[in-house]
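With CSV, C-alpha atoms inside, this is coords-v4.csv:
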chain,number,residue,atom,x,y,z
A,1,MET,CA,16.9,-20.3,64.0
A,2,LEU,CA,17.8,-21.0,60.4
A,3,PRO,CA,15.2,-22.5,58.1
A,4,GLU,CA,15.7,-26.1,57.2
A,5,THR,CA,17.5,-26.3,53.9
A,6,LYS,CA,16.6,-28.9,51.3
A,7,PRO,CA,18.7,-29.9,48.3
A,8,VAL,CA,17.5,-28.3,45.1
A,9,GLN,CA,15.6,-30.8,43.0
A,10,PRO,CA,16.5,-30.7,39.3
A,11,ASP,CA,13.5,-29.6,37.2
A,12,SER,CA,12.2,-32.7,35.6
A,13,SER,CA,9.6,-31.1,33.5
A,14,ARG,CA,9.4,-32.7,30.1
A,15,TRP,CA,9.3,-30.4,27.0
A,16,SER,CA,8.0,-31.2,23.6
A,17,PRO,CA,7.1,-29.3,20.4
A,18,LEU,CA,3.5,-28.1,20.3
A,19,ASP,CA,2.9,-30.0,17.1
A,20,PRO,CA,6.0,-31.6,15.7
A,21,ASP,CA,4.4,-32.5,12.4
A,22,ASN,CA,3.6,-28.9,11.7
A,23,LEU,CA,7.1,-27.6,12.3
A,24,GLN,CA,9.6,-27.1,9.5
A,25,LEU,CA,13.2,-26.2,10.5
A,26,ARG,CA,16.2,-25.2,8.5
A,27,SER,CA,19.6,-24.5,10.1
A,28,TRP,CA,22.7,-22.7,9.0
A,29,ASP,CA,25.8,-21.8,11.1
A,30,SER,CA,24.3,-18.5,12.0
A,31,GLY,CA,20.9,-19.7,13.1
A,32,THR,CA,17.8,-21.6,12.5
A,33,VAL,CA,14.5,-20.6,10.8
A,34,VAL,CA,11.4,-22.4,11.8
A,35,TYR,CA,8.0,-22.4,10.2
A,36,ASN,CA,5.0,-23.1,12.4
A,37,GLY,CA,2.3,-24.5,10.1
A,38,LEU,CA,-0.3,-24.1,12.9
A,39,SER,CA,0.1,-20.3,13.1
A,40,GLY,CA,1.7,-19.6,9.8
A,41,ASP,CA,4.5,-17.7,11.6
A,42,THR,CA,8.2,-18.0,10.8
A,43,HIS,CA,10.8,-17.4,13.5
A,44,LEU,CA,14.5,-16.8,13.5
A,45,LEU,CA,16.2,-18.7,16.3
A,46,SER,CA,19.7,-18.7,17.7
A,47,PRO,CA,21.8,-21.8,16.9
A,48,LEU,CA,21.3,-23.2,20.4
A,49,ALA,CA,17.5,-22.6,20.4
A,50,GLY,CA,17.3,-24.2,16.9
A,51,ASP,CA,19.2,-27.3,18.1
A,52,ILE,CA,17.0,-27.5,21.2
A,53,LEU,CA,13.9,-27.4,19.1
A,54,GLN,CA,15.3,-29.9,16.7
A,55,GLN,CA,16.2,-32.2,19.6
A,56,LEU,CA,12.7,-31.9,21.0
A,57,LYS,CA,11.3,-32.8,17.6
A,58,THR,CA,13.2,-36.0,17.8
A,59,SER,CA,11.9,-36.8,21.3
A,60,PRO,CA,10.5,-34.9,24.2
A,61,ALA,CA,13.1,-34.2,26.9
A,62,THR,CA,13.9,-32.5,30.2
A,63,CYS,CA,16.5,-29.7,30.6
A,64,GLU,CA,19.0,-32.3,31.8
A,65,GLN,CA,18.4,-34.5,28.9
A,66,LEU,CA,18.8,-31.6,26.5
A,67,LEU,CA,22.1,-30.6,28.3
A,68,GLY,CA,23.3,-34.2,27.7
A,69,ALA,CA,22.2,-34.2,24.1
A,70,LEU,CA,23.8,-30.9,23.1
A,71,PRO,CA,27.3,-30.9,24.7
A,72,ASP,CA,28.9,-28.9,21.8
A,73,HIS,CA,27.1,-25.8,22.9
A,74,PHE,CA,28.3,-25.9,26.5
A,75,ARG,CA,32.0,-26.8,26.3
A,76,GLU,CA,33.0,-23.4,27.7
A,77,GLN,CA,30.4,-23.6,30.5
A,78,LYS,CA,31.7,-24.9,33.8
A,79,GLU,CA,28.6,-24.7,36.0
A,80,SER,CA,25.9,-27.1,35.0
A,81,ASP,CA,23.3,-24.9,37.0
A,82,GLU,CA,24.1,-22.0,34.7
A,83,THR,CA,23.7,-24.1,31.5
A,84,LEU,CA,20.4,-25.6,32.8
A,85,ASP,CA,19.2,-22.0,33.5
A,86,ILE,CA,20.1,-21.0,29.9
A,87,ILE,CA,18.2,-24.0,28.5
A,88,GLU,CA,15.2,-23.3,30.7
A,89,ILE,CA,15.1,-19.7,29.6
A,90,ILE,CA,15.2,-20.7,26.0
A,91,LEU,CA,12.5,-23.3,26.5
A,92,HIS,CA,10.2,-20.6,28.1
A,93,ASP,CA,11.0,-18.3,25.1
A,94,LEU,CA,10.0,-21.0,22.7
A,95,GLN,CA,6.9,-21.7,24.8
A,96,ALA,CA,6.0,-18.0,24.6
A,97,ILE,CA,5.9,-18.2,20.8
A,98,ASP,CA,3.9,-21.4,20.8
A,99,LEU,CA,6.6,-23.7,19.5
A,100,VAL,CA,6.9,-25.9,22.6
A,101,ILE,CA,4.9,-27.0,25.5
A,102,CYS,CA,5.8,-28.1,29.0
A,103,ASN,CA,4.3,-31.4,30.0
A,104,GLY,CA,4.9,-31.0,33.7
A,105,ARG,CA,7.1,-33.2,36.0
A,106,HIS,CA,7.3,-36.8,35.1
B,1,MET,CA,2.9,-7.0,-33.5
B,2,LYS,CA,5.3,-4.9,-31.5
B,3,ILE,CA,4.3,-1.6,-29.8
B,4,SER,CA,6.9,0.2,-31.9
B,5,ASN,CA,4.9,-0.8,-35.0
B,6,TYR,CA,1.8,1.2,-33.9
B,7,SER,CA,1.3,4.8,-34.8
B,8,HIS,CA,0.3,7.1,-32.0
B,9,GLU,CA,-3.2,7.2,-33.4
B,10,GLN,CA,-3.4,3.4,-33.6
B,11,LEU,CA,-2.2,3.1,-30.0
B,12,THR,CA,-4.6,5.7,-28.7
B,13,ARG,CA,-7.5,4.1,-30.5
B,14,ARG,CA,-6.6,0.6,-29.1
B,15,LEU,CA,-6.3,2.1,-25.6
B,16,GLU,CA,-9.6,3.9,-25.8
B,17,GLY,CA,-11.4,0.8,-27.0
B,18,GLY,CA,-9.7,-1.4,-24.4
B,19,GLU,CA,-8.1,-3.4,-27.2
B,20,LEU,CA,-4.5,-3.2,-26.2
B,21,LEU,CA,-3.2,-6.5,-25.0
B,22,LEU,CA,0.3,-6.1,-23.8
B,23,ASP,CA,2.4,-9.3,-23.6
B,24,LEU,CA,4.2,-8.9,-20.2
B,25,LYS,CA,5.5,-12.5,-20.2
B,26,PRO,CA,4.4,-14.5,-18.3
B,27,PHE,CA,1.2,-12.4,-18.0
B,28,VAL,CA,-1.0,-10.7,-20.6
B,29,THR,CA,-2.6,-7.4,-19.6
B,30,ARG,CA,-5.6,-5.8,-21.4
B,31,ILE,CA,-5.2,-2.0,-21.0
B,32,ARG,CA,-7.9,0.7,-21.5
B,33,SER,CA,-7.3,4.4,-21.1
B,34,ASN,CA,-8.6,7.7,-22.3
B,35,ILE,CA,-5.5,9.6,-21.3
B,36,PRO,CA,-3.2,10.7,-24.2
B,37,GLY,CA,-0.1,10.6,-22.0
B,38,ILE,CA,-0.5,6.9,-21.4
B,39,ALA,CA,-0.2,6.1,-25.1
B,40,ARG,CA,2.9,8.3,-25.3
B,41,ASP,CA,4.6,6.6,-22.4
B,42,ILE,CA,3.6,3.1,-23.4
B,43,ALA,CA,5.1,3.8,-26.8
B,44,LEU,CA,8.3,5.0,-25.2
B,45,MET,CA,8.7,2.4,-22.5
B,46,TYR,CA,7.2,-0.7,-24.1
B,47,ALA,CA,8.4,-0.2,-27.7
B,48,GLY,CA,10.0,-3.6,-27.9
B,49,PHE,CA,7.1,-5.5,-26.3
B,50,GLU,CA,4.7,-7.6,-28.3
B,51,THR,CA,1.0,-7.2,-28.3
B,52,CYS,CA,-1.6,-10.0,-28.5
B,53,PRO,CA,-4.7,-10.2,-30.7
B,54,GLU,CA,-7.8,-8.4,-29.4
B,55,ASP,CA,-9.6,-11.7,-28.6
B,56,ALA,CA,-6.7,-13.3,-26.8
B,57,PHE,CA,-6.9,-14.3,-23.2
B,58,ALA,CA,-5.7,-11.7,-20.7
B,59,ASP,CA,-4.7,-12.4,-17.2
B,60,PHE,CA,-5.4,-8.8,-16.0
B,61,HIS,CA,-7.9,-6.3,-17.3
B,62,VAL,CA,-6.9,-2.9,-16.2
B,63,ALA,CA,-7.8,0.7,-17.0
B,64,VAL,CA,-6.6,4.2,-16.2
B,65,ILE,CA,-9.5,6.6,-16.7
B,66,ARG,CA,-9.8,10.3,-16.3
B,67,GLU,CA,-12.3,11.1,-13.5
B,68,SER,CA,-15.3,13.2,-14.4
B,69,GLY,CA,-17.0,16.1,-12.4
B,70,LEU,CA,-16.3,19.7,-11.8
B,71,LEU,CA,-13.6,19.1,-9.3
B,72,ASN,CA,-11.7,17.0,-11.8
B,73,TRP,CA,-12.2,19.6,-14.5
B,74,MET,CA,-10.3,22.1,-12.3
B,75,LYS,CA,-7.7,19.6,-11.1
B,76,PRO,CA,-7.7,16.6,-13.5
B,77,ARG,CA,-7.3,13.3,-11.8
B,78,ALA,CA,-7.3,9.7,-13.0
B,79,ARG,CA,-8.1,6.4,-11.4
B,80,PHE,CA,-6.9,2.8,-11.8
B,81,TYR,CA,-9.5,0.1,-12.5
B,82,PHE,CA,-9.0,-3.6,-12.1
B,83,ASP,CA,-11.6,-5.9,-13.7
B,84,GLY,CA,-13.8,-2.9,-14.2
B,85,ARG,CA,-13.8,-1.9,-10.5
B,86,PRO,CA,-12.1,1.3,-9.3
B,87,SER,CA,-9.1,0.5,-7.2
B,88,PHE,CA,-6.9,2.9,-5.2
B,89,ILE,CA,-7.5,6.6,-4.8
B,90,PRO,CA,-7.5,8.9,-7.8
B,91,LEU,CA,-4.2,10.6,-8.6
B,92,PRO,CA,-3.3,13.7,-10.7
B,93,VAL,CA,-3.5,12.9,-14.4
B,94,SER,CA,0.2,13.7,-14.7
B,95,GLN,CA,0.9,10.6,-12.7
B,96,SER,CA,-1.3,8.3,-14.9
B,97,PHE,CA,1.6,6.2,-16.4
B,98,ALA,CA,3.2,5.8,-12.9
B,99,MET,CA,-0.2,4.7,-11.6
B,100,LEU,CA,-0.5,2.2,-14.4
B,101,GLU,CA,2.9,0.8,-13.5
B,102,TRP,CA,2.1,0.6,-9.8
B,103,GLY,CA,-1.3,-0.9,-10.6
B,104,LEU,CA,0.4,-3.6,-12.7
B,105,ASN,CA,2.8,-4.4,-9.8
B,106,TRP,CA,-0.2,-4.8,-7.6
B,107,CYS,CA,-2.0,-7.1,-10.1
B,108,VAL,CA,1.0,-9.4,-10.2
B,109,ALA,CA,1.7,-9.3,-6.5
B,110,ALA,CA,-1.9,-9.9,-5.5
B,111,HIS,CA,-2.7,-12.6,-8.1
B,112,GLY,CA,0.4,-14.3,-9.5
B,113,HIS,CA,0.4,-17.1,-7.0
B,114,GLN,CA,1.9,-19.7,-9.3
B,115,TYR,CA,5.1,-18.0,-8.2
B,116,LEU,CA,6.7,-17.0,-4.9
B,117,ILE,CA,6.8,-13.2,-5.5
B,118,ILE,CA,9.6,-11.3,-3.8
B,119,HIS,CA,10.0,-7.6,-3.7
B,120,ALA,CA,13.5,-7.6,-5.2
B,121,ALA,CA,15.4,-6.6,-8.3
B,122,VAL,CA,16.8,-9.4,-10.5
B,123,ILE,CA,19.6,-9.1,-12.9
B,124,GLU,CA,21.5,-11.9,-14.8
B,125,ARG,CA,24.9,-12.5,-16.3
B,126,GLU,CA,25.7,-15.7,-18.2
B,127,GLY,CA,22.7,-17.6,-16.9
B,128,ARG,CA,23.2,-16.8,-13.3
B,129,ALA,CA,20.9,-14.4,-11.5
B,130,ALA,CA,21.6,-11.9,-8.7
B,131,ILE,CA,18.5,-11.2,-6.5
B,132,LEU,CA,18.7,-7.8,-4.9
B,133,PRO,CA,16.1,-7.6,-2.1
B,134,GLY,CA,15.8,-4.5,0.1
B,135,ALA,CA,13.5,-2.0,1.7
B,136,PRO,CA,12.6,1.1,-0.3
B,137,GLY,CA,15.6,3.5,-0.2
B,138,ALA,CA,18.2,0.7,0.0
B,139,GLY,CA,19.3,1.6,-3.6
B,140,LYS,CA,18.2,-1.5,-5.4
B,141,SER,CA,16.6,0.2,-8.4
B,142,THR,CA,19.5,2.6,-8.9
B,143,LEU,CA,22.0,-0.3,-8.6
B,144,CYS,CA,19.9,-2.4,-11.0
B,145,ALA,CA,19.5,0.5,-13.5
B,146,GLY,CA,23.3,1.1,-13.4
B,147,LEU,CA,24.2,-2.5,-13.9
B,148,ILE,CA,21.8,-3.2,-16.8
B,149,ASN,CA,23.4,-0.3,-18.6
B,150,ARG,CA,26.8,-2.1,-18.3
B,151,GLY,CA,26.1,-5.6,-19.5
B,152,TRP,CA,23.8,-7.2,-17.0
B,153,ARG,CA,20.4,-8.4,-18.2
B,154,LEU,CA,17.3,-7.0,-16.5
B,155,LEU,CA,14.7,-9.5,-15.3
B,156,SER,CA,12.9,-7.1,-13.0
B,157,ASP,CA,13.7,-4.1,-10.8
B,158,GLU,CA,10.7,-4.7,-8.5
B,159,LEU,CA,9.2,-8.2,-8.6
B,160,ALA,CA,11.3,-11.5,-8.6
B,161,LEU,CA,9.0,-14.4,-9.7
B,162,LEU,CA,10.4,-17.6,-8.2
B,163,ASP,CA,9.1,-20.8,-9.8
B,164,LEU,CA,8.6,-23.2,-6.9
B,165,ASP,CA,9.1,-26.3,-8.9
B,166,SER,CA,12.2,-25.4,-11.0
B,167,GLY,CA,13.8,-23.0,-8.6
B,168,LEU,CA,14.3,-20.6,-11.5
B,169,VAL,CA,13.6,-16.9,-11.3
B,170,CYS,CA,11.9,-14.8,-14.0
B,171,GLY,CA,10.8,-11.2,-14.3
B,172,MET,CA,8.8,-9.2,-16.8
B,173,CYS,CA,11.6,-6.8,-17.8
B,174,ARG,CA,9.3,-3.9,-17.3
B,175,PRO,CA,10.6,-0.3,-17.0
B,176,VAL,CA,12.8,0.5,-14.1
B,177,ASN,CA,11.4,2.9,-11.4
B,178,LEU,CA,13.7,5.7,-10.5
B,179,LYS,CA,13.1,8.1,-7.7
B,180,ASN,CA,14.4,11.6,-6.8
B,181,ALA,CA,18.2,11.8,-6.9
B,182,SER,CA,18.5,8.5,-8.7
B,183,ILE,CA,17.0,10.0,-11.8
B,184,ASP,CA,20.0,12.4,-12.3
B,185,VAL,CA,22.5,9.7,-11.2
B,186,ILE,CA,21.3,7.4,-14.0
B,187,ARG,CA,21.1,10.3,-16.5
B,188,ARG,CA,24.8,11.0,-15.9
B,189,PHE,CA,25.8,7.3,-15.7
B,190,ALA,CA,23.9,6.2,-18.8
B,191,PRO,CA,23.2,9.3,-20.9
B,192,HIS,CA,21.7,7.2,-23.7
B,193,ALA,CA,19.1,5.5,-21.5
B,194,VAL,CA,15.6,6.2,-22.5
B,195,MET,CA,13.5,7.7,-19.7
B,196,THR,CA,10.1,9.3,-19.2
B,197,GLY,CA,9.9,12.9,-18.1
B,198,PRO,CA,10.2,13.3,-14.3
B,199,VAL,CA,6.9,13.4,-12.5
B,200,PRO,CA,7.1,15.5,-9.4
B,201,ASP,CA,5.0,15.3,-6.2
B,202,THR,CA,4.0,11.7,-6.2
B,203,THR,CA,3.8,9.8,-3.0
B,204,LYS,CA,7.3,8.5,-3.7
B,205,GLY,CA,8.6,12.0,-4.5
B,206,THR,CA,9.7,12.7,-8.1
B,207,ILE,CA,9.7,9.6,-10.2
B,208,ALA,CA,10.8,8.7,-13.7
B,209,LEU,CA,10.8,5.3,-15.6
B,210,MET,CA,13.7,4.0,-17.6
B,211,ARG,CA,13.3,1.7,-20.6
B,212,PRO,CA,15.2,-1.6,-20.2
B,213,PRO,CA,18.0,-2.2,-22.8
B,214,GLU,CA,17.0,-4.0,-26.0
B,215,GLU,CA,19.0,-7.1,-25.2
B,216,SER,CA,17.1,-7.5,-21.9
B,217,ILE,CA,13.7,-7.1,-23.7
B,218,ALA,CA,14.7,-9.6,-26.4
B,219,ALA,CA,15.5,-12.2,-23.7
B,220,ARG,CA,12.7,-11.4,-21.3
B,221,ASP,CA,11.0,-14.8,-21.4
B,222,ALA,CA,14.2,-16.6,-20.4
B,223,PRO,CA,14.3,-17.5,-16.7
B,224,ALA,CA,17.7,-17.6,-14.8
B,225,ARG,CA,19.2,-19.8,-12.1
B,226,PRO,CA,19.6,-17.8,-8.9
B,227,ALA,CA,23.3,-17.7,-7.9
B,228,TRP,CA,23.6,-14.7,-5.6
B,229,ILE,CA,21.4,-12.9,-3.0
B,230,ILE,CA,22.9,-9.4,-2.6
B,231,VAL,CA,21.4,-7.0,-0.1
B,232,PRO,CA,22.2,-3.5,-1.4
B,233,ASP,CA,22.8,-0.7,1.1
B,234,TYR,CA,23.3,2.7,-0.5
B,235,SER,CA,24.8,5.5,1.6
B,236,PRO,CA,26.4,8.7,0.2
B,237,GLU,CA,29.6,8.2,2.1
B,238,ALA,CA,29.9,4.4,1.9
B,239,SER,CA,33.0,2.7,0.6
B,240,PRO,CA,32.3,-0.1,-1.8
B,241,GLU,CA,32.2,-3.3,0.1
B,242,LEU,CA,30.8,-6.8,-0.7
B,243,VAL,CA,30.8,-8.9,2.4
B,244,PRO,CA,29.2,-12.3,3.2
B,245,HIS,CA,25.7,-12.0,4.6
B,246,ASP,CA,24.2,-14.2,7.3
B,247,ARG,CA,22.1,-16.9,5.6
B,248,ALA,CA,19.4,-17.1,8.3
B,249,LEU,CA,19.0,-13.3,8.2
B,250,ALA,CA,18.8,-13.5,4.4
B,251,PHE,CA,16.0,-16.1,4.7
B,252,MET,CA,14.1,-13.8,7.0
B,253,LEU,CA,14.6,-10.8,4.7
B,254,LEU,CA,13.3,-12.7,1.6
B,255,ALA,CA,10.3,-14.0,3.6
B,256,GLU,CA,9.5,-10.5,4.8
B,257,GLN,CA,9.9,-9.1,1.3
B,258,SER,CA,7.7,-11.7,-0.3
B,259,PHE,CA,4.2,-10.7,-1.2
B,260,ASN,CA,2.7,-14.2,-1.0
B,261,TYR,CA,5.0,-16.2,1.3
B,262,ASP,CA,2.1,-16.7,3.7
B,263,ILE,CA,-0.1,-18.1,0.9
B,264,HIS,CA,2.4,-20.7,0.0
B,265,GLY,CA,2.8,-22.0,3.6
B,266,THR,CA,5.3,-24.9,3.9
B,267,ASN,CA,6.0,-24.8,0.1
B,268,GLY,CA,7.1,-21.1,0.4
B,269,PHE,CA,9.3,-21.9,3.4
B,270,ALA,CA,10.9,-24.8,1.5
B,271,ALA,CA,11.3,-22.7,-1.6
B,272,ILE,CA,13.2,-19.9,0.2
B,273,ALA,CA,15.3,-22.4,2.0
B,274,ARG,CA,16.3,-24.0,-1.3
B,275,LEU,CA,17.0,-20.5,-2.7
B,276,ILE,CA,19.3,-19.6,0.2
B,277,ASP,CA,21.1,-22.9,-0.2
B,278,ALA,CA,21.6,-22.4,-3.9
B,279,CYS,CA,23.0,-18.9,-3.6
B,280,HIS,CA,26.0,-17.0,-2.1
B,281,CYS,CA,24.6,-14.3,0.2
B,282,TYR,CA,26.2,-10.9,0.4
B,283,ARG,CA,25.6,-7.4,1.7
B,284,PHE,CA,26.8,-4.7,-0.6
B,285,SER,CA,27.5,-1.2,0.5
B,286,TYR,CA,28.1,1.4,-2.1
B,287,SER,CA,27.9,5.1,-3.0
B,288,ASN,CA,29.1,5.0,-6.6
B,289,LEU,CA,27.8,3.0,-9.6
B,290,GLU,CA,31.3,2.7,-11.2
B,291,ASP,CA,32.4,0.9,-8.1
B,292,ALA,CA,29.3,-1.3,-8.2
B,293,VAL,CA,30.0,-2.3,-11.9
B,294,ARG,CA,33.6,-3.2,-11.1
B,295,ILE,CA,32.6,-5.3,-8.1
B,296,PHE,CA,29.7,-7.0,-9.8
B,297,ASP,CA,31.8,-7.8,-12.8
B,298,ARG,CA,34.4,-9.5,-10.5
B,299,LEU,CA,31.6,-11.4,-8.9
B,300,ALA,CA,30.3,-12.7,-12.3
B,301,GLY,CA,33.8,-13.6,-13.2
B,302,GLY,CA,34.1,-15.8,-10.2
B,303,CYS,CA,36.6,-13.6,-8.3
B,304,GLU,CA,34.5,-13.3,-5.1

Render the structure in this file as structure tokens.
Amino acid sequence: MLPETKPVQPDSSRWSPLDPDNLQLRSWDSGTVVYNGLSGDTHLLSPLAGDILQQLKTSPATCEQLLGALPDHFREQKESDETLDIIEIILHDLQAIDLVICNGRH
Amino acid sequence: MKISNYSHEQLTRRLEGGELLLDLKPFVTRIRSNIPGIARDIALMYAGFETCPEDAFADFHVAVIRESGLLNWMKPRARFYFDGRPSFIPLPVSQSFAMLEWGLNWCVAAHGHQYLIIHAAVIEREGRAAILPGAPGAGKSTLCAGLINRGWRLLSDELALLDLDSGLVCGMCRPVNLKNASIDVIRRFAPHAVMTGPVPDTTKGTIALMRPPEESIAARDAPARPAWIIVPDYSPEASPELVPHDRALAFMLLAEQSFNYDIHGTNGFAAIARLIDACHCYRFSYSNLEDAVRIFDRLAGGCE
């Protein structure tokens, strides 16, 4: 007997910067540098990670909302699951360096 | 009064009495020393620099003093003092002048926080400055020494002082540190350059200092507008190549090479971002100073 399959629910966790007032960003074509005033650390981010952080600074968002807000990065990508995975990986990387937090499902 | 106007006896007496105030614009340093070689090398390297009156304000009070004791009688050593306190480990007396230079670098890097201080050489042509950051061994001092002997003005071979308000960069035009093979490279490239004798067996290998050209010393209090950030990359087999450099990477390099970026916080971040925006960023591979002169001259002429 096969287990009952359920449709995969999109991850609706909402992400936001840890402290938007203490983040300074500067972007060039090749990447973004970000200064975290809370830790004093400076990070070099890929253009996509920089745009995600910039977008979250404007307003907290889910992965789907970020995908919708940053279409230029994903023109080549056909599968939206793949692009959502990429965004989620980046968000977890940003979380690991204390730039963003996940506020759980909304 | 300029250092060149002092006799050796006068300079020695001033140093022994702690009465030599060297005007290293923008800092004044009071120097005391009982080591004869220091007077000789100051006379050689700082001949064109002004001194200040004995009672003038000094930003830094430093001394290089011969250590006492039986051990030091057998193997003479000297120690650097800052504000009367011994700093750093003693070194052989033969390294006294190098120790003074390294100690002065530390004074500025650790205290000159009115500036963002970047470990980089700075040279200038027609009001536009090229900032040459790089890790030790990247060839920035050799490149700098070569270019200032061919028409570029020296601001600094070691410490770029970035004014956070104006965005201008200044240096102190102090002697250029040359190490190991670079000493003979510059001797061949610029036979008339004035250098101290080589000092072997330092922590950096054999070192010698080169006096900046007179034109650079005469203009040493004039800041310059940064126009280029050029990351040198010396390699014995490298073909000369000046290629655009990633701006975000250049930002990170300048932040890493800054002595006080962390102290300035958001202001430091904004200052480096403005600097990157104001400059063309390049990586420069080279193995030969004649190639470097040709390429930098083209750059100054607007051909790159």

Residues of chain B that approach chain A to 12 Å or less, counting only C-alpha atoms: could you list each one with the shortest pair of atoms and its distance in Å to one decimal, rows by chain and increasing residue number, as a Markdown table?
| residue | atom | partner | partner_atom | distance |
| --- | --- | --- | --- | --- |
| B:Pro244 | CA | A:Ser30 | CA | 11.8 |
| B:His245 | CA | A:Ser30 | CA | 9.9 |
| B:Asp246 | CA | A:Ser30 | CA | 6.4 |
| B:Arg247 | CA | A:Trp28 | CA | 6.7 |
| B:Ala248 | CA | A:Gly31 | CA | 5.7 |
| B:Leu249 | CA | A:Leu44 | CA | 7.8 |
| B:Ala250 | CA | A:Val33 | CA | 10.5 |
| B:Phe251 | CA | A:Val33 | CA | 7.7 |
| B:Met252 | CA | A:Leu44 | CA | 7.2 |
| B:Leu253 | CA | A:Leu44 | CA | 10.7 |
| B:Leu254 | CA | A:Thr42 | CA | 11.8 |
| B:Ala255 | CA | A:Thr42 | CA | 8.5 |
| B:Glu256 | CA | A:Thr42 | CA | 9.7 |
| B:Tyr261 | CA | A:Gly40 | CA | 9.7 |
| B:Asp262 | CA | A:Gly40 | CA | 6.8 |
| B:Ile263 | CA | A:Gly40 | CA | 9.2 |
| B:His264 | CA | A:Gly40 | CA | 9.9 |
| B:Gly265 | CA | A:Gly40 | CA | 6.7 |
| B:Thr266 | CA | A:Gly37 | CA | 6.9 |
| B:Asn267 | CA | A:Gln24 | CA | 10.3 |
| B:Gly268 | CA | A:Tyr35 | CA | 9.9 |
| B:Phe269 | CA | A:Tyr35 | CA | 6.9 |
| B:Ala270 | CA | A:Gln24 | CA | 8.4 |
| B:Ala271 | CA | A:Arg26 | CA | 11.5 |
| B:Ile272 | CA | A:Arg26 | CA | 10.3 |
| B:Ala273 | CA | A:Arg26 | CA | 7.1 |
| B:Arg274 | CA | A:Arg26 | CA | 9.9 |
| B:Ile276 | CA | A:Trp28 | CA | 9.9 |
| B:Asp277 | CA | A:Trp28 | CA | 9.3 |

Stretch 64-74 of chain A environment, 12 Å, all atoms listed in the file, sequence neighbours closer than 5 positions dropped, as a VMD selection string: chain A and resid 9 to 16 46 to 59 79 to 88 90 to 91

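Across the model, the gap from atom CA of B:Met74 to atom CA of B:Thr12 is 23.9 Å.
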
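Restricting the calculation to only C-alpha atoms, the smallest distance between B:Glu241 and any of B:Ala292, B:Ala227, B:Val122, B:Gly17 is found for B:Ala292.
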
d(atom CA of B:Glu67, atom CA of B:Phe49) in Å: 28.6 Å

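The closest residue to B:Pro198, picked from B:Pro133, B:Ser94, B:Arg153, B:Ile42 and counting only C-alpha atoms, is B:Ser94.
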
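Selecting by distance to (9.2, 7.0, -0.5) with a limit of 8 Å and using all atoms listed in the file, one obtains Pro136, Gly137, Thr203, Lys204 and Gly205 of chain B.
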
Report as a ChimeraX atom specification all protein, DNA and RNA residues lying within 12 Å of B:Arg187, evaluated on only C-alpha atoms, omitting residues in the same chain fewer than 5 positions from it. /B:142,145-146,149,178,180-182,192-198,208-210

For B:Leu154, which residue among B:Ile117, B:Val108, B:Ala98, B:Ile217 is the nearest when counting only C-alpha atoms? B:Ile217

Extract, using all atoms listed in the file, all DNA, RNA and protein residues at most 10 Å from B:Ser4, discarding same-chain residues fewer than 6 positions from it, and format them as a ChimeraX atom specification. /B:11,42-50

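Nearest residue to B:Arg225, choosing from B:Val169, B:Ile38, B:Leu161, B:Ile186 and counting all atoms listed in the file: B:Val169.
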